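Reading through the structure tokens given below for one structure.
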Amino acid sequence: CYLLSFISSVSAEKHLPIVEVTAKNLQSYLQQKKAEGYAVIAIEQTASSKNIAQFRFPKKSVLVLGQEQEGVPPDALQWVDHCVEIPQL
């Protein structure tokens, strides 16, 4: 499963829609959101990812969060507009 959410803060699930999407439905869900004008952003460390502190999130954003150990699967990265990483300190 992948958890998709709009940019949020602690307890934001009480105020913003959070949708869990299965791997089987992920591509069609992301295509639908792109058609609605959303930018699709994966929280994942890649060769081209940007530091979250320097990234300007569009107002209409969908976040793709992967599994804790494996992250966002490589095949799903082809469907996102941007990759943003959270530095490990």
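Residues in the structure tokens are named by chain (A, B, ... in the order shown) and by number from 1 within that chain; ligands are numbered from 1 in the order shown.
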
task = Name all residues at most 12 Å from region 27-36 of chain A (count only C-alpha atoms; drop same-chain ones fewer than 4 positions away) and give them as a PyMOL selection string.
result = chain A and resi 2-6+19-23+40-42+60-64+75-81

C-alpha atoms of the current selection, written as a CSV table (one decimal), in the first residue's frame:
```
chain,number,residue,atom,x,y,z
A,2,TYR,CA,1.0,3.6,-0.5
A,3,LEU,CA,-0.2,6.5,1.5
A,4,LEU,CA,-1.1,9.6,-0.4
A,5,SER,CA,-1.8,12.8,1.3
A,6,PHE,CA,-1.9,16.5,0.8
A,19,VAL,CA,-6.2,8.4,1.1
A,20,GLU,CA,-4.6,5.0,1.2
A,21,VAL,CA,-4.2,3.5,-2.3
A,22,THR,CA,-3.2,0.0,-3.1
A,23,ALA,CA,-0.2,-0.7,-5.4
A,40,VAL,CA,2.6,14.4,-7.7
A,41,ILE,CA,5.6,14.4,-5.3
A,42,ALA,CA,7.4,11.3,-4.0
A,60,LYS,CA,-2.2,21.4,-5.1
A,61,SER,CA,0.1,18.6,-4.2
A,62,VAL,CA,-0.2,14.9,-3.7
A,63,LEU,CA,2.5,13.1,-1.7
A,64,VAL,CA,3.5,9.5,-2.3
A,75,ASP,CA,8.4,1.6,-11.0
A,76,ALA,CA,6.2,4.1,-9.1
A,77,LEU,CA,8.8,6.9,-9.5
A,78,GLN,CA,8.0,7.1,-13.2
A,79,TRP,CA,4.5,8.5,-12.4
A,80,VAL,CA,5.7,11.4,-10.1
A,81,ASP,CA,6.5,14.9,-11.1
```

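Nearest to Ala47 (chain A) of all the residues A:Leu89, A:Leu26, A:Cys83, A:Leu16 is A:Cys83, based on only C-alpha atoms.
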
key: Every residue of chain A that DSSP places in alpha helix (DSSP H), as a ChimeraX atom specification   = /A:23-35,74-77

request  = Write down as a PyMOL selection string the residues of chain A whose backbone DSSP state falls under strand (DSSP E or B).
outcome  = chain A and resi 2-5+18-21+39-43+50-51+61-65+67+71+82-85

key: Atom pair CA of Glu44 (chain A) / CA of Phe57 (chain A): separation (Å)   = 14.8 Å

inquiry  = List the spatial neighbours of Pro87 (chain A) as a ChimeraX atom specification - criterion: any atom at most 12 Å away, only C-alpha atoms, same-chain residues fewer than 6 positions off excluded.
reply    = /A:43-46,49-54
